>>> print(open('query37.txt').read())   # compact mmCIF, C-alpha atoms
# COMPACT_ATOMS: atom_id res chain seq x y z
CA MET A 1 -22.58 16.65 -14.24
CA LYS A 2 -19.32 18.56 -14.37
CA GLU A 3 -15.99 16.96 -15.13
CA THR A 4 -13.26 17.46 -12.55
CA LYS A 5 -9.56 16.60 -12.44
CA ASN A 6 -7.64 14.44 -9.95
CA ALA A 7 -10.60 13.87 -7.63
CA CYS A 8 -9.98 10.14 -7.12
CA ASN A 9 -6.99 8.60 -5.31
CA LEU A 10 -7.36 5.25 -7.17
CA ASN A 11 -7.71 3.39 -3.88
CA ASN A 12 -11.30 3.31 -2.67
CA CYS A 13 -13.80 2.31 -5.36
CA PHE A 14 -14.98 -1.19 -6.24
CA LEU A 15 -12.87 -1.21 -9.40
CA CYS A 16 -9.59 -0.12 -7.82
CA THR A 17 -9.83 -2.31 -4.74
CA HIS A 18 -10.34 -5.47 -6.83
CA SER A 19 -7.89 -4.81 -9.66
CA VAL A 20 -4.28 -5.96 -9.72
CA LYS A 21 -1.73 -3.33 -8.72
CA ASP A 22 -0.18 -3.14 -12.20
CA TRP A 23 -3.56 -2.22 -13.70
CA ILE A 24 -4.09 0.86 -11.49
CA PRO A 25 -2.10 3.22 -13.77
CA ALA A 26 -4.32 2.14 -16.68
CA ILE A 27 -7.41 2.97 -14.63
CA GLY A 28 -5.93 6.38 -13.86
CA ALA A 29 -5.35 7.01 -17.56
CA HIS A 30 -8.86 5.96 -18.66
CA LYS A 31 -11.13 7.18 -15.86
CA THR A 32 -13.06 10.42 -15.87
CA ASN A 33 -14.20 12.10 -12.65
CA PHE A 34 -17.50 13.96 -12.41
CA ILE A 35 -18.97 16.19 -9.73
CA VAL A 36 -22.73 15.74 -9.38
CA LYS A 37 -24.94 18.23 -7.55
CA LYS A 38 -27.57 17.21 -5.03
CA GLY A 39 -30.72 16.22 -6.91
CA GLU A 40 -28.91 15.91 -10.25
CA SER A 41 -29.49 12.87 -12.47
CA ILE A 42 -26.53 10.63 -13.31
CA PHE A 43 -28.37 8.51 -15.88
CA LYS A 44 -32.04 7.93 -16.60
CA GLU A 45 -34.03 4.76 -17.04
CA GLY A 46 -33.82 3.74 -20.70
CA ASP A 47 -30.61 5.64 -21.48
CA PRO A 48 -28.09 3.68 -23.59
CA VAL A 49 -25.21 2.19 -21.61
CA LYS A 50 -21.93 3.84 -22.55
CA GLY A 51 -19.95 3.16 -19.40
CA ILE A 52 -19.91 2.26 -15.71
CA TYR A 53 -19.78 4.60 -12.72
CA PHE A 54 -18.15 4.15 -9.32
CA VAL A 55 -19.05 6.33 -6.33
CA TYR A 56 -15.99 8.02 -4.86
CA THR A 57 -17.79 10.22 -2.32
CA GLY A 58 -21.44 10.99 -1.69
CA LYS A 59 -24.75 9.11 -1.70
CA VAL A 60 -26.93 8.13 -4.66
CA LYS A 61 -30.40 6.65 -4.96
CA VAL A 62 -31.09 3.97 -7.57
CA HIS A 63 -34.74 4.12 -8.56
CA LYS A 64 -37.27 2.84 -11.10
CA ARG A 65 -40.65 3.93 -12.34
CA TRP A 66 -43.51 2.31 -10.46
CA ASN A 67 -46.86 2.71 -12.21
CA THR A 68 -47.19 6.00 -14.08
CA ASP A 69 -46.59 8.61 -11.40
CA LYS A 70 -44.58 6.82 -8.71
CA GLU A 71 -41.07 5.53 -8.24
CA LEU A 72 -39.54 2.71 -6.26
CA ILE A 73 -36.09 3.17 -4.76
CA ILE A 74 -34.25 -0.07 -5.47
CA ARG A 75 -31.17 0.62 -3.37
CA PHE A 76 -28.75 3.30 -2.24
CA ALA A 77 -25.12 3.61 -3.29
CA GLN A 78 -22.32 5.31 -1.40
CA SER A 79 -18.53 5.55 -1.42
CA GLY A 80 -16.98 2.52 -3.13
CA ASP A 81 -20.17 1.29 -4.81
CA ILE A 82 -20.80 0.61 -8.51
CA LEU A 83 -23.54 2.14 -10.69
CA GLY A 84 -24.73 1.12 -14.15
CA HIS A 85 -23.90 -2.57 -13.92
CA MET A 86 -27.56 -3.54 -14.35
CA GLY A 87 -27.32 -2.38 -17.96
CA LEU A 88 -24.63 -4.93 -18.85
CA GLY A 89 -26.91 -7.28 -20.73
CA ASN A 90 -27.90 -8.09 -24.29
CA ASN A 91 -30.09 -4.98 -24.27
CA PRO A 92 -27.54 -2.28 -23.35
CA VAL A 93 -29.81 0.28 -21.70
CA TYR A 94 -30.02 1.28 -18.06
CA PRO A 95 -33.10 -0.42 -16.53
CA VAL A 96 -32.99 1.99 -13.57
CA ALA A 97 -32.26 5.67 -12.93
CA THR A 98 -29.76 7.21 -10.53
CA THR A 99 -29.89 10.57 -8.73
CA ALA A 100 -27.42 12.16 -6.31
CA LEU A 101 -28.79 12.66 -2.79
CA GLU A 102 -25.93 14.99 -1.87
CA PRO A 103 -22.89 16.47 -3.65
CA THR A 104 -21.20 13.40 -5.13
CA ILE A 105 -17.95 12.60 -6.93
CA LEU A 106 -18.02 9.76 -9.47
CA CYS A 107 -15.39 7.83 -11.37
CA TYR A 108 -16.49 6.82 -14.87
CA ILE A 109 -14.97 4.35 -17.34
CA ASP A 110 -16.29 3.55 -20.81
CA LEU A 111 -17.49 0.09 -21.76
CA SER A 112 -14.48 -0.88 -23.86
CA PHE A 113 -12.05 -0.26 -21.01
CA PHE A 114 -14.43 -1.95 -18.57
CA GLU A 115 -14.41 -5.06 -20.75
CA SER A 116 -10.60 -4.94 -20.93
CA THR A 117 -10.53 -4.73 -17.13
CA LEU A 118 -12.68 -7.86 -16.88
CA ASN A 119 -10.32 -9.75 -19.19
CA VAL A 120 -7.16 -8.72 -17.34
CA ASN A 121 -8.35 -8.77 -13.71
CA HIS A 122 -9.76 -12.15 -12.75
CA LYS A 123 -10.13 -11.02 -9.14
CA PHE A 124 -12.30 -8.10 -10.26
CA THR A 125 -14.40 -10.36 -12.50
CA TYR A 126 -14.96 -12.80 -9.63
CA ALA A 127 -15.82 -9.98 -7.21
CA LEU A 128 -18.29 -8.58 -9.73
CA MET A 129 -19.89 -12.01 -10.16
CA LYS A 130 -20.36 -12.30 -6.38
CA PHE A 131 -21.72 -8.76 -6.28
CA PHE A 132 -24.31 -9.65 -8.95
CA ALA A 133 -25.31 -12.78 -7.01
CA ASP A 134 -25.68 -10.77 -3.81
CA GLU A 135 -27.75 -8.12 -5.60
CA LEU A 136 -30.01 -10.82 -7.04
CA GLN A 137 -30.58 -12.37 -3.61
CA LYS A 138 -31.37 -8.96 -2.10
CA SER A 139 -33.72 -8.16 -4.97
CA GLU A 140 -35.62 -11.43 -4.61
CA LYS A 141 -35.95 -10.93 -0.85
CA ARG A 142 -37.09 -7.34 -1.35
CA MET A 143 -39.75 -8.38 -3.87
CA ARG A 144 -40.96 -11.04 -1.45
CA ASN A 145 -41.24 -8.41 1.27
CA LEU A 146 -43.14 -6.03 -1.01
CA VAL A 147 -45.66 -8.75 -1.84
CA HIS A 148 -46.15 -10.32 1.58
CA MET A 149 -45.11 -7.86 4.31
CA PRO A 150 -47.75 -5.47 5.74
CA VAL A 151 -47.01 -1.77 5.34
CA LYS A 152 -46.22 -1.13 9.02
CA GLU A 153 -43.61 -3.86 9.09
CA ARG A 154 -42.27 -2.73 5.70
CA ILE A 155 -41.69 0.77 7.03
CA ALA A 156 -39.98 -0.64 10.12
CA LEU A 157 -37.72 -2.70 7.86
CA ALA A 158 -36.90 0.37 5.72
CA MET A 159 -35.78 2.30 8.80
CA LEU A 160 -33.66 -0.59 10.06
CA ASN A 161 -32.08 -1.03 6.64
CA LEU A 162 -31.21 2.66 6.42
CA LYS A 163 -29.54 2.51 9.81
CA GLY A 164 -27.64 -0.61 8.76
CA LEU A 165 -26.49 1.03 5.53
CA PHE A 166 -25.50 4.46 6.77
CA GLY A 167 -25.03 4.14 10.52
CA THR A 168 -25.79 7.01 12.87
CA ASP A 169 -24.40 10.50 13.38
CA ASP A 170 -23.19 12.10 16.61
CA THR A 171 -26.78 12.67 17.76
CA GLY A 172 -27.81 9.05 17.17
CA ALA A 173 -29.90 9.86 14.08
CA ILE A 174 -29.66 7.75 10.93
CA ASN A 175 -26.79 9.26 8.97
CA ILE A 176 -28.72 10.21 5.86
CA GLU A 177 -31.37 12.86 5.31
CA LEU A 178 -34.09 11.86 2.86
CA THR A 179 -37.30 13.56 1.85
CA ARG A 180 -40.49 11.90 3.01
CA GLN A 181 -41.20 11.11 -0.62
CA ASP A 182 -37.89 9.25 -0.92
CA LEU A 183 -38.54 7.43 2.35
CA SER A 184 -41.97 6.29 1.20
CA SER A 185 -40.53 5.28 -2.19
CA TYR A 186 -37.90 3.15 -0.46
CA ALA A 187 -40.57 1.38 1.61
CA ALA A 188 -42.86 1.13 -1.46
CA VAL A 189 -45.78 2.80 0.29
CA SER A 190 -47.70 6.00 -0.36
CA TYR A 191 -46.57 9.23 1.25
CA GLU A 192 -49.75 9.31 3.31
CA THR A 193 -49.14 5.79 4.62
CA TRP A 194 -45.54 6.59 5.51
CA PHE A 195 -46.65 9.70 7.43
CA LYS A 196 -49.41 7.88 9.33
CA VAL A 197 -47.24 4.91 10.37
CA THR A 198 -44.35 7.20 11.30
CA GLN A 199 -46.66 9.19 13.57
CA ASP A 200 -47.75 5.92 15.21
CA PHE A 201 -44.10 4.97 15.77
CA ILE A 202 -43.45 8.37 17.34
CA GLN A 203 -46.44 7.99 19.68
CA GLU A 204 -45.17 4.54 20.69
CA ASN A 205 -41.69 5.99 21.39
CA LEU A 206 -40.12 3.72 18.78
CA ILE A 207 -38.57 6.60 16.83
CA SER A 208 -38.14 10.35 16.99
CA VAL A 209 -38.13 12.70 14.00
CA THR A 210 -36.52 16.12 13.79
CA GLY A 211 -36.83 17.70 10.37
CA LYS A 212 -35.45 15.09 7.97
CA SER A 213 -33.55 13.23 10.69
CA ILE A 214 -34.87 9.94 12.07
CA THR A 215 -33.62 8.42 15.31
CA ILE A 216 -34.53 4.85 16.20
CA LEU A 217 -35.31 4.75 19.92
CA ASN A 218 -36.37 1.12 20.30
CA GLU A 219 -34.68 -1.04 17.69
CA PRO A 220 -35.62 -4.40 19.30
CA VAL A 221 -39.34 -3.67 18.95
CA LEU A 222 -38.99 -2.63 15.30
CA GLN A 223 -36.89 -5.71 14.63
CA LYS A 224 -39.51 -7.94 16.29
CA LEU A 225 -42.18 -6.46 14.01
CA VAL A 226 -40.08 -7.43 11.00
CA ASN A 227 -39.19 -10.87 12.35
CA ASP A 228 -42.78 -11.71 13.19
CA ALA A 229 -43.87 -10.71 9.68
CA ASN A 230 -41.12 -12.84 8.12
CA GLU A 231 -42.15 -15.88 10.13
CA GLY A 232 -45.52 -15.72 8.46
CA PHE A 233 -44.19 -16.57 5.02
CA GLU A 234 -40.86 -18.34 5.55
>>> encode(input="query37.txt", output="structure tokens")
Amino acid sequence: MKETKNACNLNNCFLCTHSVKDWIPAIGAHKTNFIVKKGESIFKEGDPVKGIYFVYTGKVKVHKRWNTDKELIIRFAQSGDILGHMGLGNNPVYPVATTALEPTILCYIDLSFFESTLNVNHKFTYALMKFFADELQKSEKRMRNLVHMPVKERIALAMLNLKGLFGTDDTGAINIELTRQDLSSYAAVSYETWFKVTQDFIQENLISVTGKSITILNEPVLQKLVNDANEGFE
């Protein structure tokens, strides 16, 4: 990562939007901005927690080792999102890793200033508490899906989630380009399984694929696959 000056306008990230107006100058004085290249690591699983990151621009994958040679993508972060909060426990190490998916600008604050921010900004503390609760609910639902949902339905859900997160571009494609390895890691399936099911979806005119771009052609059918699978274990 490379430090940069005056990259953040102190308006858009999770920290700034939930802090009181009088605290913004303090954030400006204590933050550090970093430019991260595509494919560059922000922090690794097991690194000691020294501070918290906020995404100003760009997209980041949050991932964790899965078995010895695989990874599971836990979630994606984009403009306004927080990174590193999962390390705020009694064991201050990052339990996940983060990697930039495209050129990304981050705002970073150290732990001591973060703790001061929590003490001063009750609105921020409450927003962070709700964020943690929401993350926990999503994590529990995701683990349930990984255990119970068949791979075809899991891949359909991954595509729908990506569209919900990032929207579509001018051509109608999901507005993020991921490698097939990242796509399979997000759906928690092997690369070979992702490729086979994707080819089936193409043959059924449910999606189209051009390079790394995926366009959902029949969202109702994909959604029905997911809904039917959910009904089996709700």
>>> closest_residue(input="query37.txt", among="A:Ser184, A:Asn145, A:Thr179, A:Ser190", to="A:Asn230", atoms="all atoms listed in the file")
A:Asn145
>>> closest_residue(input="query37.txt", among="A:Arg75, A:Lys38, A:Lys196, A:His85", to="A:Leu162", atoms="all atoms listed in the file")
A:Arg75
>>> residues_around(input="query37.txt", residues="A:Ile52", least_positions_apart="5", cutoff="10 Å", atoms="all atoms listed in the file", output="list in words")
Ile82, Leu83, Gly84, His85, Met86, Gly87, Leu88, Leu106, Cys107, Tyr108, Ile109, Asp110, Leu111, Phe113 and Phe114 of chain A
>>> atom_distance(input="query37.txt", atom1="atom CA of A:Leu160", atom2="atom CA of A:Thr198")
13.3 Å
>>> residues_around(input="query37.txt", residues="stretch 121-134 of chain A", least_positions_apart="5", cutoff="8 Å", atoms="only C-alpha atoms", output="PDB file with C-alpha atoms, in the coordinates of the input")
ATOM      1  CA  LEU A  15     -12.870  -1.210  -9.400  1.00  0.00           C
ATOM      2  CA  HIS A  18     -10.340  -5.470  -6.830  1.00  0.00           C
ATOM      3  CA  SER A  19      -7.890  -4.810  -9.660  1.00  0.00           C
ATOM      4  CA  VAL A  20      -4.280  -5.960  -9.720  1.00  0.00           C
TER       5      VAL A  20
END
>>> atom_distance(input="query37.txt", atom1="atom CA of A:Cys16", atom2="atom CA of A:Lys163")
26.8 Å
